[in-house]
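Data block for structure-v5.cif (mmCIF, N, CA, C and O atoms):
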```cif
data_query
#
loop_
_atom_site.group_PDB
_atom_site.id
_atom_site.type_symbol
_atom_site.label_atom_id
_atom_site.label_comp_id
_atom_site.auth_asym_id
_atom_site.auth_seq_id
_atom_site.Cartn_x
_atom_site.Cartn_y
_atom_site.Cartn_z
ATOM 1 N N MET A 1 -31.223 -137.902 36.588
ATOM 2 C CA MET A 1 -31.767 -139.223 36.321
ATOM 3 C C MET A 1 -31.905 -139.393 34.810
ATOM 4 O O MET A 1 -32.481 -138.562 34.124
ATOM 5 N N ASN A 2 -31.392 -140.486 34.283
ATOM 6 C CA ASN A 2 -31.380 -140.724 32.852
ATOM 7 C C ASN A 2 -32.405 -141.811 32.503
ATOM 8 O O ASN A 2 -32.102 -142.994 32.544
ATOM 9 N N ASN A 3 -33.612 -141.388 32.174
ATOM 10 C CA ASN A 3 -34.663 -142.334 31.806
ATOM 11 C C ASN A 3 -34.610 -142.642 30.322
ATOM 12 O O ASN A 3 -34.355 -141.767 29.504
ATOM 13 N N LYS A 4 -34.873 -143.893 29.988
ATOM 14 C CA LYS A 4 -35.022 -144.282 28.592
ATOM 15 C C LYS A 4 -36.502 -144.468 28.338
ATOM 16 O O LYS A 4 -37.228 -144.978 29.188
ATOM 17 N N TYR A 5 -36.949 -144.055 27.197
ATOM 18 C CA TYR A 5 -38.364 -144.108 26.866
ATOM 19 C C TYR A 5 -38.595 -144.999 25.659
ATOM 20 O O TYR A 5 -37.726 -145.143 24.805
ATOM 21 N N GLU A 6 -39.772 -145.579 25.625
ATOM 22 C CA GLU A 6 -40.181 -146.391 24.488
ATOM 23 C C GLU A 6 -41.604 -146.001 24.113
ATOM 24 O O GLU A 6 -42.447 -145.768 24.984
ATOM 25 N N ARG A 7 -41.865 -145.913 22.837
ATOM 26 C CA ARG A 7 -43.188 -145.526 22.349
ATOM 27 C C ARG A 7 -44.163 -146.684 22.536
ATOM 28 O O ARG A 7 -43.828 -147.847 22.330
ATOM 29 N N LEU A 8 -45.389 -146.343 22.941
ATOM 30 C CA LEU A 8 -46.447 -147.319 23.140
ATOM 31 C C LEU A 8 -47.660 -146.866 22.349
ATOM 32 O O LEU A 8 -48.110 -145.727 22.490
ATOM 33 N N ASN A 9 -48.180 -147.731 21.516
ATOM 34 C CA ASN A 9 -49.396 -147.429 20.772
ATOM 35 C C ASN A 9 -50.550 -148.192 21.383
ATOM 36 O O ASN A 9 -50.459 -149.398 21.594
ATOM 37 N N ILE A 10 -51.621 -147.483 21.714
ATOM 38 C CA ILE A 10 -52.797 -148.124 22.290
ATOM 39 C C ILE A 10 -54.036 -147.706 21.506
ATOM 40 O O ILE A 10 -54.049 -146.669 20.844
ATOM 41 N N THR A 11 -55.061 -148.513 21.616
ATOM 42 C CA THR A 11 -56.330 -148.217 20.978
ATOM 43 C C THR A 11 -57.368 -148.016 22.072
ATOM 44 O O THR A 11 -57.514 -148.864 22.950
ATOM 45 N N LEU A 12 -58.026 -146.873 22.031
ATOM 46 C CA LEU A 12 -59.039 -146.519 23.019
ATOM 47 C C LEU A 12 -60.318 -146.091 22.311
ATOM 48 O O LEU A 12 -60.251 -145.595 21.183
ATOM 49 N N PRO A 13 -61.442 -146.228 22.990
ATOM 50 C CA PRO A 13 -62.660 -145.649 22.423
ATOM 51 C C PRO A 13 -62.456 -144.142 22.243
ATOM 52 O O PRO A 13 -61.870 -143.477 23.115
ATOM 53 N N LYS A 14 -62.908 -143.617 21.131
ATOM 54 C CA LYS A 14 -62.685 -142.214 20.797
ATOM 55 C C LYS A 14 -63.179 -141.287 21.905
ATOM 56 O O LYS A 14 -62.503 -140.329 22.276
ATOM 57 N N GLU A 15 -64.340 -141.569 22.466
ATOM 58 C CA GLU A 15 -64.911 -140.717 23.509
ATOM 59 C C GLU A 15 -64.022 -140.698 24.755
ATOM 60 O O GLU A 15 -63.819 -139.642 25.361
ATOM 61 N N VAL A 16 -63.487 -141.846 25.120
ATOM 62 C CA VAL A 16 -62.605 -141.929 26.289
ATOM 63 C C VAL A 16 -61.344 -141.100 26.047
ATOM 64 O O VAL A 16 -60.918 -140.336 26.921
ATOM 65 N N LEU A 17 -60.749 -141.244 24.881
ATOM 66 C CA LEU A 17 -59.536 -140.489 24.563
ATOM 67 C C LEU A 17 -59.796 -138.991 24.566
ATOM 68 O O LEU A 17 -59.004 -138.216 25.122
ATOM 69 N N GLU A 18 -60.909 -138.569 23.989
ATOM 70 C CA GLU A 18 -61.226 -137.142 23.958
ATOM 71 C C GLU A 18 -61.413 -136.588 25.366
ATOM 72 O O GLU A 18 -60.914 -135.506 25.686
ATOM 73 N N LYS A 19 -62.118 -137.322 26.218
ATOM 74 C CA LYS A 19 -62.334 -136.865 27.594
ATOM 75 C C LYS A 19 -61.024 -136.843 28.372
ATOM 76 O O LYS A 19 -60.779 -135.929 29.166
ATOM 77 N N PHE A 20 -60.175 -137.842 28.160
ATOM 78 C CA PHE A 20 -58.887 -137.889 28.857
ATOM 79 C C PHE A 20 -57.978 -136.757 28.396
ATOM 80 O O PHE A 20 -57.316 -136.101 29.205
ATOM 81 N N ARG A 21 -57.960 -136.507 27.104
ATOM 82 C CA ARG A 21 -57.142 -135.410 26.565
ATOM 83 C C ARG A 21 -57.609 -134.074 27.157
ATOM 84 O O ARG A 21 -56.794 -133.256 27.594
ATOM 85 N N GLU A 22 -58.921 -133.871 27.192
ATOM 86 C CA GLU A 22 -59.485 -132.645 27.762
ATOM 87 C C GLU A 22 -59.134 -132.521 29.251
ATOM 88 O O GLU A 22 -58.745 -131.453 29.714
ATOM 89 N N PHE A 23 -59.256 -133.627 29.995
ATOM 90 C CA PHE A 23 -58.909 -133.647 31.414
ATOM 91 C C PHE A 23 -57.452 -133.233 31.615
ATOM 92 O O PHE A 23 -57.145 -132.394 32.470
ATOM 93 N N CYS A 24 -56.566 -133.820 30.835
ATOM 94 C CA CYS A 24 -55.138 -133.517 30.960
ATOM 95 C C CYS A 24 -54.852 -132.056 30.625
ATOM 96 O O CYS A 24 -54.092 -131.389 31.332
ATOM 97 N N GLU A 25 -55.463 -131.565 29.554
ATOM 98 C CA GLU A 25 -55.243 -130.170 29.157
ATOM 99 C C GLU A 25 -55.732 -129.206 30.229
ATOM 100 O O GLU A 25 -55.042 -128.248 30.571
ATOM 101 N N LYS A 26 -56.920 -129.461 30.788
ATOM 102 C CA LYS A 26 -57.483 -128.572 31.811
ATOM 103 C C LYS A 26 -56.643 -128.566 33.082
ATOM 104 O O LYS A 26 -56.643 -127.591 33.826
ATOM 105 N N ASN A 27 -55.965 -129.669 33.350
ATOM 106 C CA ASN A 27 -55.178 -129.785 34.565
ATOM 107 C C ASN A 27 -53.682 -129.587 34.337
ATOM 108 O O ASN A 27 -52.884 -129.772 35.261
ATOM 109 N N GLY A 28 -53.300 -129.237 33.125
ATOM 110 C CA GLY A 28 -51.897 -128.973 32.817
ATOM 111 C C GLY A 28 -51.016 -130.196 32.952
ATOM 112 O O GLY A 28 -49.870 -130.090 33.386
ATOM 113 N N ILE A 29 -51.573 -131.350 32.587
ATOM 114 C CA ILE A 29 -50.860 -132.619 32.726
ATOM 115 C C ILE A 29 -50.518 -133.157 31.334
ATOM 116 O O ILE A 29 -51.352 -133.136 30.436
ATOM 117 N N ASN A 30 -49.314 -133.658 31.183
ATOM 118 C CA ASN A 30 -48.917 -134.339 29.963
ATOM 119 C C ASN A 30 -49.569 -135.728 29.951
ATOM 120 O O ASN A 30 -49.491 -136.453 30.953
ATOM 121 N N MET A 31 -50.222 -136.095 28.848
ATOM 122 C CA MET A 31 -50.933 -137.377 28.788
ATOM 123 C C MET A 31 -50.007 -138.565 29.033
ATOM 124 O O MET A 31 -50.351 -139.487 29.777
ATOM 125 N N SER A 32 -48.836 -138.552 28.439
ATOM 126 C CA SER A 32 -47.898 -139.667 28.625
ATOM 127 C C SER A 32 -47.459 -139.800 30.074
ATOM 128 O O SER A 32 -47.387 -140.910 30.609
ATOM 129 N N SER A 33 -47.199 -138.662 30.707
ATOM 130 C CA SER A 33 -46.795 -138.691 32.116
ATOM 131 C C SER A 33 -47.915 -139.240 32.983
ATOM 132 O O SER A 33 -47.671 -140.026 33.907
ATOM 133 N N ARG A 34 -49.155 -138.825 32.712
ATOM 134 C CA ARG A 34 -50.291 -139.296 33.500
ATOM 135 C C ARG A 34 -50.497 -140.792 33.323
ATOM 136 O O ARG A 34 -50.749 -141.516 34.295
ATOM 137 N N ILE A 35 -50.393 -141.290 32.099
ATOM 138 C CA ILE A 35 -50.536 -142.726 31.846
ATOM 139 C C ILE A 35 -49.447 -143.492 32.583
ATOM 140 O O ILE A 35 -49.701 -144.540 33.180
ATOM 141 N N SER A 36 -48.234 -142.961 32.585
ATOM 142 C CA SER A 36 -47.123 -143.598 33.305
ATOM 143 C C SER A 36 -47.427 -143.691 34.801
ATOM 144 O O SER A 36 -47.187 -144.734 35.423
ATOM 145 N N ILE A 37 -47.964 -142.631 35.380
ATOM 146 C CA ILE A 37 -48.324 -142.635 36.801
ATOM 147 C C ILE A 37 -49.387 -143.692 37.082
ATOM 148 O O ILE A 37 -49.296 -144.443 38.058
ATOM 149 N N LEU A 38 -50.401 -143.778 36.231
ATOM 150 C CA LEU A 38 -51.469 -144.756 36.424
ATOM 151 C C LEU A 38 -50.935 -146.186 36.346
ATOM 152 O O LEU A 38 -51.320 -147.041 37.150
ATOM 153 N N ILE A 39 -50.037 -146.440 35.411
ATOM 154 C CA ILE A 39 -49.446 -147.781 35.275
ATOM 155 C C ILE A 39 -48.606 -148.113 36.506
ATOM 156 O O ILE A 39 -48.693 -149.221 37.048
ATOM 157 N N LYS A 40 -47.800 -147.154 36.965
ATOM 158 C CA LYS A 40 -46.968 -147.385 38.151
ATOM 159 C C LYS A 40 -47.825 -147.719 39.362
ATOM 160 O O LYS A 40 -47.484 -148.601 40.150
ATOM 161 N N LYS A 41 -48.949 -147.011 39.541
ATOM 162 C CA LYS A 41 -49.845 -147.284 40.665
ATOM 163 C C LYS A 41 -50.417 -148.699 40.574
ATOM 164 O O LYS A 41 -50.518 -149.394 41.586
ATOM 165 N N ASP A 42 -50.800 -149.116 39.380
ATOM 166 C CA ASP A 42 -51.299 -150.484 39.205
ATOM 167 C C ASP A 42 -50.225 -151.506 39.573
ATOM 168 O O ASP A 42 -50.506 -152.505 40.229
ATOM 169 N N LEU A 43 -49.000 -151.261 39.169
ATOM 170 C CA LEU A 43 -47.908 -152.190 39.480
ATOM 171 C C LEU A 43 -47.614 -152.235 40.975
ATOM 172 O O LEU A 43 -47.286 -153.297 41.506
ATOM 173 N N GLU A 44 -47.734 -151.106 41.633
ATOM 174 C CA GLU A 44 -47.533 -151.066 43.090
ATOM 175 C C GLU A 44 -48.592 -151.844 43.823
ATOM 176 O O GLU A 44 -48.311 -152.481 44.846
ATOM 177 N N ASN A 45 -49.827 -151.817 43.340
ATOM 178 C CA ASN A 45 -50.925 -152.529 43.991
ATOM 179 C C ASN A 45 -50.792 -154.035 43.874
ATOM 180 O O ASN A 45 -51.267 -154.772 44.730
ATOM 181 N N LYS A 46 -50.150 -154.498 42.824
ATOM 182 C CA LYS A 46 -49.917 -155.928 42.602
ATOM 183 C C LYS A 46 -51.184 -156.757 42.716
ATOM 184 O O LYS A 46 -51.166 -157.901 43.108
ATOM 185 N N LYS A 47 -52.312 -156.157 42.383
ATOM 186 C CA LYS A 47 -53.585 -156.862 42.377
ATOM 187 C C LYS A 47 -54.199 -156.724 40.998
ATOM 188 O O LYS A 47 -54.068 -155.698 40.345
ATOM 189 N N LEU A 48 -54.898 -157.750 40.613
ATOM 190 C CA LEU A 48 -55.639 -157.683 39.359
ATOM 191 C C LEU A 48 -57.050 -157.229 39.683
ATOM 192 O O LEU A 48 -57.744 -157.879 40.467
ATOM 193 N N LEU A 49 -57.433 -156.112 39.150
ATOM 194 C CA LEU A 49 -58.771 -155.584 39.409
ATOM 195 C C LEU A 49 -59.730 -156.109 38.346
ATOM 196 O O LEU A 49 -59.656 -155.702 37.203
ATOM 197 N N ILE A 50 -60.585 -157.002 38.757
ATOM 198 C CA ILE A 50 -61.534 -157.592 37.806
ATOM 199 C C ILE A 50 -62.932 -157.135 38.152
ATOM 200 O O ILE A 50 -63.348 -157.087 39.250
#
```
Now that the file is in, can you turn its structure into structure tokens?
Amino acid sequence: MNNKYERLNITLPKEVLEKFREFCEKNGINMSSRISILIKKDLENKKLLI
């Protein structure tokens, strides 16, 4: 499978980023891959969570 990638810059609260980075490291997960999974799940739900 030949995926093309594009860089995404986001701004997060420092505490959230630190906790997410720690979570990913402890679970052996790549942060970019995890963010991609979360986005895909949101797109599959096709609902706006307010």
Exercise. Hey, can you check how far atom N of Ile35 of chain A sits from atom C of Arg21 of chain A?
Worked result: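 Pair atom N of Ile35 of chain A / atom C of Arg21 of chain A returns 11.3 Å.
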Exercise. Distance atom CA of Ser33 of chain A-atom CA of Val16 of chain A, one decimal place?
Worked result: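 Atom-to-atom, atom CA of Ser33 of chain A to atom CA of Val16 of chain A, that is 17.2 Å.
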Exercise. Expressed in Å to a single decimal, how great is the separation between atom C of Glu25 of chain A and atom C of Leu12 of chain A?
Worked result: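 Value for the atom C of Glu25 of chain A-atom C of Leu12 of chain A distance: 19.2 Å.
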Around all the atoms of segment 32-49 of chain A listed in the file, with 4 Å of room on each side, what axis-aligned box do you get, giving centre and edge lengths in Å to one decimal, as AutoDock Vina command-line options?
```
--center_x -53.3 --center_y -148.2 --center_z 36.6 --size_x 20.9 --size_y 27.3 --size_z 24.4
```
Taking the DSSP assignment computed from this structure's backbone, write out as a compact mmCIF listing (two decimals) with N, CA, C and O atoms, keeping the file's coordinate frame all residues of chain A that belong to alpha helix (DSSP H).
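Contents of part_10.txt, as written:
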```
# COMPACT_ATOMS: atom_id res chain seq x y z
N LYS A 14 -62.91 -143.62 21.13
CA LYS A 14 -62.68 -142.21 20.80
C LYS A 14 -63.18 -141.29 21.90
O LYS A 14 -62.50 -140.33 22.28
N GLU A 15 -64.34 -141.57 22.47
CA GLU A 15 -64.91 -140.72 23.51
C GLU A 15 -64.02 -140.70 24.76
O GLU A 15 -63.82 -139.64 25.36
N VAL A 16 -63.49 -141.85 25.12
CA VAL A 16 -62.60 -141.93 26.29
C VAL A 16 -61.34 -141.10 26.05
O VAL A 16 -60.92 -140.34 26.92
N LEU A 17 -60.75 -141.24 24.88
CA LEU A 17 -59.54 -140.49 24.56
C LEU A 17 -59.80 -138.99 24.57
O LEU A 17 -59.00 -138.22 25.12
N GLU A 18 -60.91 -138.57 23.99
CA GLU A 18 -61.23 -137.14 23.96
C GLU A 18 -61.41 -136.59 25.37
O GLU A 18 -60.91 -135.51 25.69
N LYS A 19 -62.12 -137.32 26.22
CA LYS A 19 -62.33 -136.86 27.59
C LYS A 19 -61.02 -136.84 28.37
O LYS A 19 -60.78 -135.93 29.17
N PHE A 20 -60.18 -137.84 28.16
CA PHE A 20 -58.89 -137.89 28.86
C PHE A 20 -57.98 -136.76 28.40
O PHE A 20 -57.32 -136.10 29.20
N ARG A 21 -57.96 -136.51 27.10
CA ARG A 21 -57.14 -135.41 26.56
C ARG A 21 -57.61 -134.07 27.16
O ARG A 21 -56.79 -133.26 27.59
N GLU A 22 -58.92 -133.87 27.19
CA GLU A 22 -59.48 -132.65 27.76
C GLU A 22 -59.13 -132.52 29.25
O GLU A 22 -58.74 -131.45 29.71
N PHE A 23 -59.26 -133.63 30.00
CA PHE A 23 -58.91 -133.65 31.41
C PHE A 23 -57.45 -133.23 31.62
O PHE A 23 -57.14 -132.39 32.47
N CYS A 24 -56.57 -133.82 30.84
CA CYS A 24 -55.14 -133.52 30.96
C CYS A 24 -54.85 -132.06 30.62
O CYS A 24 -54.09 -131.39 31.33
N GLU A 25 -55.46 -131.56 29.55
CA GLU A 25 -55.24 -130.17 29.16
C GLU A 25 -55.73 -129.21 30.23
O GLU A 25 -55.04 -128.25 30.57
N LYS A 26 -56.92 -129.46 30.79
CA LYS A 26 -57.48 -128.57 31.81
C LYS A 26 -56.64 -128.57 33.08
O LYS A 26 -56.64 -127.59 33.83
N MET A 31 -50.22 -136.10 28.85
CA MET A 31 -50.93 -137.38 28.79
C MET A 31 -50.01 -138.56 29.03
O MET A 31 -50.35 -139.49 29.78
N SER A 32 -48.84 -138.55 28.44
CA SER A 32 -47.90 -139.67 28.62
C SER A 32 -47.46 -139.80 30.07
O SER A 32 -47.39 -140.91 30.61
N SER A 33 -47.20 -138.66 30.71
CA SER A 33 -46.80 -138.69 32.12
C SER A 33 -47.92 -139.24 32.98
O SER A 33 -47.67 -140.03 33.91
N ARG A 34 -49.16 -138.82 32.71
CA ARG A 34 -50.29 -139.30 33.50
C ARG A 34 -50.50 -140.79 33.32
O ARG A 34 -50.75 -141.52 34.30
N ILE A 35 -50.39 -141.29 32.10
CA ILE A 35 -50.54 -142.73 31.85
C ILE A 35 -49.45 -143.49 32.58
O ILE A 35 -49.70 -144.54 33.18
N SER A 36 -48.23 -142.96 32.58
CA SER A 36 -47.12 -143.60 33.30
C SER A 36 -47.43 -143.69 34.80
O SER A 36 -47.19 -144.73 35.42
N ILE A 37 -47.96 -142.63 35.38
CA ILE A 37 -48.32 -142.64 36.80
C ILE A 37 -49.39 -143.69 37.08
O ILE A 37 -49.30 -144.44 38.06
N LEU A 38 -50.40 -143.78 36.23
CA LEU A 38 -51.47 -144.76 36.42
C LEU A 38 -50.94 -146.19 36.35
O LEU A 38 -51.32 -147.04 37.15
N ILE A 39 -50.04 -146.44 35.41
CA ILE A 39 -49.45 -147.78 35.28
C ILE A 39 -48.61 -148.11 36.51
O ILE A 39 -48.69 -149.22 37.05
N LYS A 40 -47.80 -147.15 36.97
CA LYS A 40 -46.97 -147.38 38.15
C LYS A 40 -47.82 -147.72 39.36
O LYS A 40 -47.48 -148.60 40.15
N LYS A 41 -48.95 -147.01 39.54
CA LYS A 41 -49.84 -147.28 40.66
C LYS A 41 -50.42 -148.70 40.57
O LYS A 41 -50.52 -149.39 41.59
N ASP A 42 -50.80 -149.12 39.38
CA ASP A 42 -51.30 -150.48 39.20
C ASP A 42 -50.22 -151.51 39.57
O ASP A 42 -50.51 -152.50 40.23
N LEU A 43 -49.00 -151.26 39.17
CA LEU A 43 -47.91 -152.19 39.48
C LEU A 43 -47.61 -152.24 40.98
O LEU A 43 -47.29 -153.30 41.51
N GLU A 44 -47.73 -151.11 41.63
CA GLU A 44 -47.53 -151.07 43.09
C GLU A 44 -48.59 -151.84 43.82
O GLU A 44 -48.31 -152.48 44.85
N ASN A 45 -49.83 -151.82 43.34
CA ASN A 45 -50.92 -152.53 43.99
C ASN A 45 -50.79 -154.04 43.87
O ASN A 45 -51.27 -154.77 44.73
```
